[in-house]
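**Q** Just model_38.txt, nothing more (compact mmCIF, C-alpha atoms):
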```
# COMPACT_ATOMS: atom_id res chain seq x y z
CA MET A 10 52.80 -3.39 -67.87
CA TYR A 11 50.48 -0.67 -69.12
CA THR A 12 52.03 2.51 -70.58
CA LEU A 13 50.29 5.83 -71.15
CA THR A 14 51.15 9.37 -72.17
CA LEU A 15 49.65 11.56 -69.46
CA PRO A 16 49.79 15.37 -69.61
CA HIS A 17 49.76 17.18 -66.28
CA PHE A 18 51.10 14.14 -64.44
CA HIS A 19 54.35 14.32 -62.45
CA LEU A 20 54.92 11.31 -60.24
CA PRO A 21 57.67 12.72 -57.96
CA LYS A 22 55.60 15.84 -57.29
CA ILE A 23 52.52 13.80 -56.46
CA ALA A 24 54.61 11.68 -54.07
CA GLU A 25 55.82 14.79 -52.22
CA SER A 26 52.58 16.76 -52.30
CA GLY A 27 51.51 15.78 -48.78
CA GLN A 28 48.25 14.07 -49.73
CA CYS A 29 49.40 10.44 -49.87
CA PHE A 30 51.84 8.85 -47.44
CA ARG A 31 52.39 5.43 -49.01
CA LEU A 32 53.71 6.49 -52.42
CA ASN A 33 57.47 6.11 -52.16
CA ALA A 34 60.47 6.16 -54.48
CA LEU A 35 62.37 2.89 -54.97
CA SER A 36 66.09 2.60 -55.61
CA SER A 37 65.30 1.60 -59.19
CA GLY A 38 63.70 4.96 -59.89
CA ALA A 39 60.21 3.49 -59.87
CA TYR A 40 57.60 4.28 -57.22
CA SER A 41 55.70 1.89 -54.98
CA LEU A 42 52.15 2.77 -53.99
CA VAL A 43 50.08 0.94 -51.40
CA ALA A 44 46.46 2.08 -51.31
CA GLY A 45 44.27 0.17 -48.90
CA SER A 46 45.16 -3.45 -49.61
CA GLN A 47 46.40 -2.95 -53.18
CA ARG A 48 49.93 -2.30 -54.36
CA LEU A 49 51.11 -0.74 -57.60
CA VAL A 50 54.58 -0.09 -58.96
CA LEU A 51 54.78 2.71 -61.50
CA THR A 52 57.51 4.57 -63.35
CA GLN A 53 57.61 7.90 -65.14
CA THR A 54 60.03 8.39 -68.02
CA GLY A 55 60.25 11.77 -69.66
CA PRO A 56 57.71 14.50 -69.02
CA ALA A 57 54.56 12.50 -69.66
CA THR A 58 55.17 8.77 -70.16
CA VAL A 59 53.99 6.66 -67.23
CA ARG A 60 54.27 2.87 -66.93
CA PHE A 61 51.85 1.09 -64.61
CA ALA A 62 52.88 -2.43 -63.56
CA CYS A 63 49.38 -3.81 -63.87
CA SER A 64 46.99 -5.09 -66.50
CA ARG A 65 44.91 -2.74 -68.59
CA GLU A 66 41.84 -4.11 -66.83
CA ALA A 67 43.23 -3.31 -63.37
CA PHE A 68 44.26 0.13 -64.55
CA GLU A 69 40.81 0.92 -65.93
CA GLU A 70 38.94 -0.60 -62.97
CA HIS A 71 40.94 1.11 -60.23
CA TRP A 72 44.04 3.16 -60.95
CA ALA A 73 42.69 5.51 -63.63
CA ASP A 74 40.10 6.76 -61.16
CA TYR A 75 42.56 6.78 -58.25
CA PHE A 76 44.84 9.19 -60.12
CA ASP A 77 41.86 11.24 -61.31
CA LEU A 78 42.89 10.85 -64.92
CA GLY A 79 39.51 11.89 -66.24
CA THR A 80 40.01 15.46 -65.03
CA ASP A 81 41.69 18.19 -67.12
CA TYR A 82 44.08 19.93 -64.73
CA GLY A 83 45.24 22.22 -67.49
CA ALA A 84 41.77 23.75 -67.46
CA PHE A 85 42.19 24.66 -63.78
CA GLU A 86 45.49 26.38 -64.49
CA GLY A 87 43.86 28.26 -67.35
CA LYS A 88 41.36 29.80 -64.92
CA ILE A 89 43.98 31.39 -62.67
CA SER A 90 43.59 35.15 -62.59
CA SER A 91 45.98 36.85 -65.02
CA ASP A 92 46.95 39.43 -62.40
CA ASP A 93 47.90 36.81 -59.78
CA LEU A 94 51.50 36.28 -60.79
CA PHE A 95 52.35 34.42 -57.60
CA LEU A 96 49.64 31.82 -58.10
CA GLN A 97 50.74 31.40 -61.70
CA GLU A 98 54.28 30.74 -60.43
CA ALA A 99 53.00 28.20 -57.90
CA ALA A 100 50.86 26.43 -60.50
CA GLU A 101 53.79 26.18 -62.90
CA TYR A 102 56.06 24.87 -60.15
CA GLY A 103 53.46 22.30 -59.05
CA ARG A 104 52.26 21.34 -62.51
CA GLY A 105 51.66 17.60 -62.64
CA ILE A 106 50.15 17.28 -59.15
CA ARG A 107 46.73 15.67 -59.22
CA ILE A 108 44.23 15.26 -56.39
CA LEU A 109 44.16 11.52 -55.75
CA ARG A 110 40.85 9.77 -55.09
CA GLN A 111 41.74 8.04 -51.85
CA ASP A 112 39.84 6.01 -49.27
CA PRO A 113 38.13 8.15 -46.58
CA TRP A 114 39.04 5.68 -43.81
CA GLU A 115 42.72 5.80 -44.70
CA MET A 116 42.60 9.61 -44.97
CA LEU A 117 40.87 9.91 -41.60
CA ILE A 118 43.61 8.03 -39.79
CA THR A 119 46.60 9.34 -41.73
CA PHE A 120 45.58 12.97 -41.31
CA ILE A 121 44.94 12.48 -37.61
CA LEU A 122 48.53 11.22 -37.54
CA SER A 123 49.73 14.16 -39.66
CA GLN A 124 49.26 16.79 -36.97
CA ARG A 125 52.47 18.55 -35.98
CA LYS A 126 54.59 16.23 -38.11
CA ASN A 127 56.55 16.76 -41.30
CA ILE A 128 55.95 14.49 -44.28
CA PRO A 129 58.81 12.01 -43.60
CA ALA A 130 57.63 11.63 -39.99
CA ILE A 131 54.03 11.11 -41.11
CA LYS A 132 55.13 8.43 -43.57
CA LYS A 133 57.07 6.66 -40.83
CA ALA A 134 54.09 6.72 -38.44
CA VAL A 135 51.72 5.43 -41.12
CA GLU A 136 54.10 2.65 -42.08
CA ASN A 137 54.57 1.68 -38.42
CA LEU A 138 50.80 1.39 -38.04
CA CYS A 139 50.52 -0.75 -41.17
CA ARG A 140 53.38 -3.05 -40.19
CA CYS A 141 51.93 -3.55 -36.72
CA PHE A 142 48.28 -4.05 -37.64
CA GLY A 143 47.89 -4.36 -41.40
CA GLU A 144 47.57 -7.66 -43.24
CA LYS A 145 50.93 -8.88 -44.53
CA ARG A 146 50.90 -9.47 -48.28
CA GLU A 147 53.38 -10.51 -50.95
CA GLU A 148 53.45 -9.54 -54.59
CA ALA A 149 56.16 -10.49 -57.09
CA GLY A 150 58.47 -11.33 -54.20
CA ASP A 151 57.91 -8.01 -52.44
CA VAL A 152 56.30 -7.90 -49.00
CA TYR A 153 53.96 -5.06 -48.08
CA TYR A 154 51.30 -4.38 -45.48
CA ALA A 155 47.72 -3.38 -46.18
CA PHE A 156 46.23 -0.44 -44.32
CA PRO A 157 44.65 -1.68 -41.07
CA THR A 158 40.88 -2.13 -41.03
CA PRO A 159 38.69 -0.16 -38.60
CA GLY A 160 37.87 -3.36 -36.71
CA THR A 161 41.51 -4.28 -36.26
CA LEU A 162 42.47 -0.87 -34.87
CA ALA A 163 39.34 -0.66 -32.73
CA SER A 164 40.27 -3.92 -31.03
CA GLN A 165 43.60 -2.50 -29.86
CA THR A 166 44.42 -0.74 -26.61
CA SER A 167 46.27 2.51 -26.07
CA GLU A 168 49.23 0.42 -24.96
CA THR A 169 49.43 -1.69 -28.12
CA LEU A 170 48.94 1.36 -30.36
CA ALA A 171 51.58 3.27 -28.43
CA GLY A 172 54.10 0.72 -29.69
CA CYS A 173 53.77 2.35 -33.12
CA SER A 174 55.16 5.64 -31.76
CA LEU A 175 52.01 7.62 -32.52
CA GLY A 176 52.53 9.95 -29.57
CA TYR A 177 49.61 12.04 -28.30
CA ARG A 178 47.60 10.97 -31.38
CA THR A 179 47.20 7.42 -29.99
CA PRO A 180 43.84 7.95 -28.23
CA TYR A 181 42.51 9.86 -31.25
CA VAL A 182 43.33 6.98 -33.59
CA LEU A 183 41.69 4.50 -31.21
CA SER A 184 38.56 6.63 -30.78
CA ALA A 185 38.20 7.21 -34.53
CA ALA A 186 38.60 3.49 -35.23
CA LYS A 187 35.93 2.58 -32.68
CA MET A 188 33.49 5.15 -34.09
CA VAL A 189 33.91 3.73 -37.60
CA ALA A 190 33.95 0.06 -36.54
CA GLU A 191 30.78 0.51 -34.48
CA ASN A 192 29.03 2.46 -37.29
CA GLU A 193 28.75 5.59 -35.18
CA ILE A 194 30.37 7.24 -38.19
CA GLN A 195 29.57 5.67 -41.58
CA LEU A 196 32.26 7.06 -43.84
CA LYS A 197 30.79 5.82 -47.13
CA ALA A 198 27.39 7.27 -46.30
CA LEU A 199 28.95 10.65 -45.58
CA ALA A 200 29.73 10.99 -49.28
CA SER A 201 26.13 12.07 -49.86
CA LEU A 202 26.47 15.09 -47.57
CA SER A 203 27.18 18.63 -48.64
CA ASN A 204 30.64 20.02 -47.94
CA GLU A 205 29.36 21.94 -44.93
CA GLU A 206 27.51 18.95 -43.46
CA LEU A 207 30.44 16.62 -44.12
CA HIS A 208 32.91 19.00 -42.51
CA LYS A 209 30.66 19.43 -39.48
CA THR A 210 30.27 15.66 -39.06
CA LEU A 211 33.99 15.00 -39.31
CA LEU A 212 34.60 17.53 -36.54
CA THR A 213 32.71 15.23 -34.14
CA ILE A 214 35.56 12.70 -34.38
CA PRO A 215 38.20 13.18 -31.65
CA GLY A 216 41.44 14.51 -33.09
CA VAL A 217 39.81 16.04 -36.15
CA GLY A 218 39.99 19.82 -36.29
CA ALA A 219 39.14 22.20 -39.13
CA LYS A 220 42.34 21.62 -41.11
CA VAL A 221 42.25 17.84 -40.82
CA ALA A 222 38.56 17.79 -41.75
CA ASN A 223 39.29 19.83 -44.87
CA CYS A 224 42.13 17.48 -45.79
CA ILE A 225 39.74 14.53 -45.51
CA LEU A 226 37.22 16.37 -47.68
CA LEU A 227 39.83 17.11 -50.32
CA PHE A 228 41.78 13.86 -50.40
CA GLY A 229 39.23 11.34 -49.10
CA TYR A 230 36.02 12.61 -50.69
CA HIS A 231 37.51 14.46 -53.66
CA ARG A 232 35.80 17.71 -52.74
CA ILE A 233 38.28 19.73 -54.75
CA ASP A 234 36.82 23.01 -53.59
CA ALA A 235 38.00 22.29 -50.01
CA PHE A 236 40.93 24.50 -48.99
CA PRO A 237 42.91 23.20 -45.99
CA ILE A 238 44.99 25.84 -44.22
CA ASP A 239 48.09 24.70 -42.38
CA VAL A 240 51.19 26.66 -41.37
CA TRP A 241 52.58 26.59 -44.93
CA ILE A 242 49.40 27.85 -46.53
CA GLN A 243 48.89 30.45 -43.79
CA ARG A 244 52.40 31.79 -44.42
CA VAL A 245 51.66 32.15 -48.12
CA ILE A 246 48.31 33.82 -47.42
CA ASP A 247 49.94 36.27 -45.01
CA GLU A 248 53.01 37.04 -47.11
CA GLU A 249 51.51 37.03 -50.59
CA TYR A 250 47.82 37.88 -50.15
CA GLY A 251 47.70 40.25 -47.20
CA GLY A 252 45.99 37.67 -45.02
CA ILE A 253 43.12 36.74 -47.33
CA PHE A 254 43.31 34.30 -50.25
CA PRO A 255 40.63 35.03 -52.90
CA ILE A 256 38.96 31.61 -52.80
CA GLU A 257 35.79 33.08 -54.31
CA LYS A 258 37.62 33.54 -57.61
CA TYR A 259 38.07 29.78 -57.95
CA PRO A 260 34.74 28.11 -57.15
CA GLY A 261 34.79 24.35 -57.44
CA PHE A 262 38.56 23.82 -57.62
CA ALA A 263 40.30 25.92 -54.95
CA GLY A 264 41.71 22.71 -53.44
CA VAL A 265 43.73 22.05 -56.59
CA LEU A 266 45.32 25.48 -56.21
CA GLN A 267 45.91 24.79 -52.53
CA GLN A 268 48.11 21.86 -53.54
CA TYR A 269 50.14 24.05 -55.89
CA LEU A 270 50.58 26.64 -53.14
CA PHE A 271 51.51 24.02 -50.53
CA PHE A 272 54.07 22.35 -52.80
CA TYR A 273 55.59 25.71 -53.79
CA ALA A 274 55.68 27.05 -50.22
CA ARG A 275 57.82 24.12 -49.08
CA SER A 276 60.33 24.44 -51.93
CA ASP A 277 63.84 25.86 -51.96
CA VAL A 278 62.72 28.06 -54.84
CA TYR A 279 60.15 29.78 -52.62
CA ARG A 280 62.58 30.15 -49.74
CA GLU A 281 65.17 31.75 -52.01
CA ARG A 282 62.52 33.97 -53.61
CA ASN A 283 61.47 35.28 -50.19
CA ASN A 284 64.90 35.17 -48.50
CA LEU A 285 63.66 32.73 -45.87
```
Using structure tokens, write down the structure from this file.

**A**
Amino acid sequence: MYTLTLPHFHLPKIAESGQCFRLNALSSGAYSLVAGSQRLVLTQTGPATVRFACSREAFEEHWADYFDLGTDYGAFEGKISSDDLFLQEAAEYGRGIRILRQDPWEMLITFILSQRKNIPAIKKAVENLCRCFGEKREEAGDVYYAFPTPGTLASQTSETLAGCSLGYRTPYVLSAAKMVAENEIQLKALASLSNEELHKTLLTIPGVGAKVANCILLFGYHRIDAFPIDVWIQRVIDEEYGGIFPIEKYPGFAGVLQQYLFFYARSDVYRERNNL
């Protein structure tokens, strides 16, 4: 067990922020995270104390970077325009959310699956895919399933994938897997591209539109200036900003603010505020 005091870290908010679909609350109050083939159990007690059920070495080699602990999120909040009271409200409500440094392959598939689904439904679809095609593993008596490899998914058929209840996304998942498995798309190599080039390349993958591509940029390549716009964000932009969010005011970290806005827009607090 490795325990740290972490400012600007709120585990339940991160779990419900819509960027990671395999971080789930346990009945004990802890959270289970499966990222790729690795599993971590972690617990937050109080406002800033977080316990990681791993060695210090494992934490420093993998999880510190995964949770982006080297970045000062308070500095981002401090740069919010003083006259944007709504964004200040959203940042306060979402304080503790961090942009996780996740695997591009996992983000590609999970955000293809995310289209026209709410977060619980996305989590169910992702878990179905992992149970059907991921490697079964056991840790401390708990069974979990690694995220399927590109080769494993590419070797499936539409019929076998359809058994995971992926709906109309089935052929998109299969096509994306084949493109990655056959090196038509080299996801690691794409990290060297500019945001514009990376976004353009991702759009060549079936099932990846502008919003999904921006989600992959933000959550899979940690391009924290990417600003995905879905129905929640569009509602906020229309209702609070007259149809145009001033991204130019926040160069280099607009994606962090997008997460605050997204989390706030889905809350009961926002609905009550706007009589929705």

**Q** Go ahead and find all residues with at least one atom no further than 8 Å from (40.0, 28.5, -52.9) in the file's coordinates, using only C-alpha atoms; report them as JSON, numbers by chain.

**A** {"A": [234, 235, 236, 254, 255, 256, 257, 258, 259, 260, 262, 263, 264, 266, 267]}

**Q** For the residues in that selection, give me C-alpha atoms as a short mmCIF file (atom, residue, chain, number, x, y, z; two decimals), keeping the file's coordinate frame.

**A**
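See again_27.cif below for the written result:
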```cif
data_model
loop_
_atom_site.label_atom_id
_atom_site.label_comp_id
_atom_site.auth_asym_id
_atom_site.auth_seq_id
_atom_site.Cartn_x
_atom_site.Cartn_y
_atom_site.Cartn_z
CA ASP A 234 36.82 23.01 -53.59
CA ALA A 235 38.00 22.29 -50.01
CA PHE A 236 40.93 24.50 -48.99
CA PHE A 254 43.31 34.30 -50.25
CA PRO A 255 40.63 35.03 -52.90
CA ILE A 256 38.96 31.61 -52.80
CA GLU A 257 35.79 33.08 -54.31
CA LYS A 258 37.62 33.54 -57.61
CA TYR A 259 38.07 29.78 -57.95
CA PRO A 260 34.74 28.11 -57.15
CA PHE A 262 38.56 23.82 -57.62
CA ALA A 263 40.30 25.92 -54.95
CA GLY A 264 41.71 22.71 -53.44
CA LEU A 266 45.32 25.48 -56.21
CA GLN A 267 45.91 24.79 -52.53
#
```

**Q** At most 12 Å is the cut-off: for each residue in segment 115-209 of chain A with any atom that close to an atom of segment 238-247 of chain A, write down the nearest atom pair and the distance in Å rounded to one decimal, counting only C-alpha atoms, chain first then increasing number, as JSON lines.

**A**
```
{"residue": "A:Ser123", "atom": "CA", "partner": "A:Asp239", "partner_atom": "CA", "distance": 11.0}
{"residue": "A:Gln124", "atom": "CA", "partner": "A:Asp239", "partner_atom": "CA", "distance": 9.7}
{"residue": "A:Arg125", "atom": "CA", "partner": "A:Val240", "partner_atom": "CA", "distance": 9.8}
{"residue": "A:Lys126", "atom": "CA", "partner": "A:Val240", "partner_atom": "CA", "distance": 11.4}
{"residue": "A:Asn127", "atom": "CA", "partner": "A:Trp241", "partner_atom": "CA", "distance": 11.2}
```

**Q** Please report the interatomic distance between atom CA of Glu281 of chain A and atom CA of Glu249 of chain A in Å with one decimal.

**A**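 Separation of atom CA of Glu281 of chain A and atom CA of Glu249 of chain A: 14.7 Å.
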
**Q** In Å to one decimal, how far is atom CA of Leu207 of chain A from atom CA of Ile89 of chain A?

**A**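 Atom CA of Leu207 of chain A lies 27.3 Å from atom CA of Ile89 of chain A.
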
**Q** For the interface of segment 171-271 of chain A with segment 10-34 of chain A (cut-off 9 Å, counting only C-alpha atoms), please tabulate each contacting residue of segment 171-271 of chain A alongside its nearest pair of atoms and their separation in Å to one decimal, rows sorted by chain and increasing number, as CSV.

**A**
```
residue,atom,partner,partner_atom,distance
A:Cys224,CA,A:Gln28,CA,8.0
A:Leu227,CA,A:Gln28,CA,9.0
A:Phe228,CA,A:Gln28,CA,6.5
A:Gln268,CA,A:Ser26,CA,6.9
A:Tyr269,CA,A:Ser26,CA,8.5
A:Phe271,CA,A:Ser26,CA,7.5
```

**Q** For Val182 of chain A, work out the shell of residues within 9 Å, counting only C-alpha atoms and skipping chain neighbours fewer than 6 positions away, then give it as a list in words.

**A**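 Surrounding residues, per the criterion: Leu117, Ile118, Ile121, Leu122, Leu162, Ala163, Leu170, Leu175, Pro215 and Gly216 of chain A.
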
**Q** Which distance in Å separates atom CA of Gln111 of chain A and atom CA of Tyr75 of chain A, to one decimal?

**A** 6.6 Å

**Q** Edge lengths and centre in Å to one decimal, as AutoDock Vina command-line options, is what I'm after for the box along x, y and z that holds all listed atoms of segment 192-206 of chain A once 6 Å is added on each side.

**A**
```
--center_x 29.2 --center_y 12.2 --center_z -42.5 --size_x 18.1 --size_y 31.5 --size_z 26.7
```

**Q** Near Ala219 of chain A, counting all atoms listed in the file, which residues have an atom at most 9 Å away, once you skip same-chain residues fewer than 4 positions from it, shown as a PyMOL selection string?

**A** chain A and resi 208-209+211-212+223-224+237-238

**Q** Considering all atoms listed in the file, return as a list of chain:residue names whatever protein or nucleic-acid residues lie within 7 Å of Phe76 of chain A, sequence-local ones (same chain, fewer than 4 positions apart) excluded.

**A**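 Once the nearby chain positions are removed, what remains is A:Trp72, A:Arg107, A:Leu109, A:Arg110.
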
**Q** Generate a file of the selected residues that holds C-alpha atoms, formatted as a tab-separated table (two decimals), in the coordinates of the input.

**A**
```tsv
chain	number	residue	atom	x	y	z
A	72	TRP	CA	44.04	3.16	-60.95
A	107	ARG	CA	46.73	15.67	-59.22
A	109	LEU	CA	44.16	11.52	-55.75
A	110	ARG	CA	40.85	9.77	-55.09
```

**Q** Around (57.4, -4.8, -53.9), as given in the file, which residues come within 12 Å? Count only C-alpha atoms and list them as a ChimeraX atom specification.

**A** /A:32-37,39-43,47-51,62,146-154

**Q** Which is closest to Ala274 of chain A among A:Ala44, A:Leu96, A:Cys63, A:Leu196, if we use only C-alpha atoms?

**A**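 Counting only C-alpha atoms, the residue closest to Ala274 of chain A is A:Leu96.
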
**Q** Between A:Phe95, A:Glu205, A:Pro129, A:Cys141, which is the closest to Asn283 of chain A once you count all atoms listed in the file?

**A**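 With all atoms listed in the file as the atom set, the closest residue is A:Phe95.
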
**Q** In terms of the shortest atom-to-atom distance over only C-alpha atoms, which of A:Phe85, A:Gly45, A:Val221, A:Thr169 is closest to Gly261 of chain A?

**A** A:Phe85
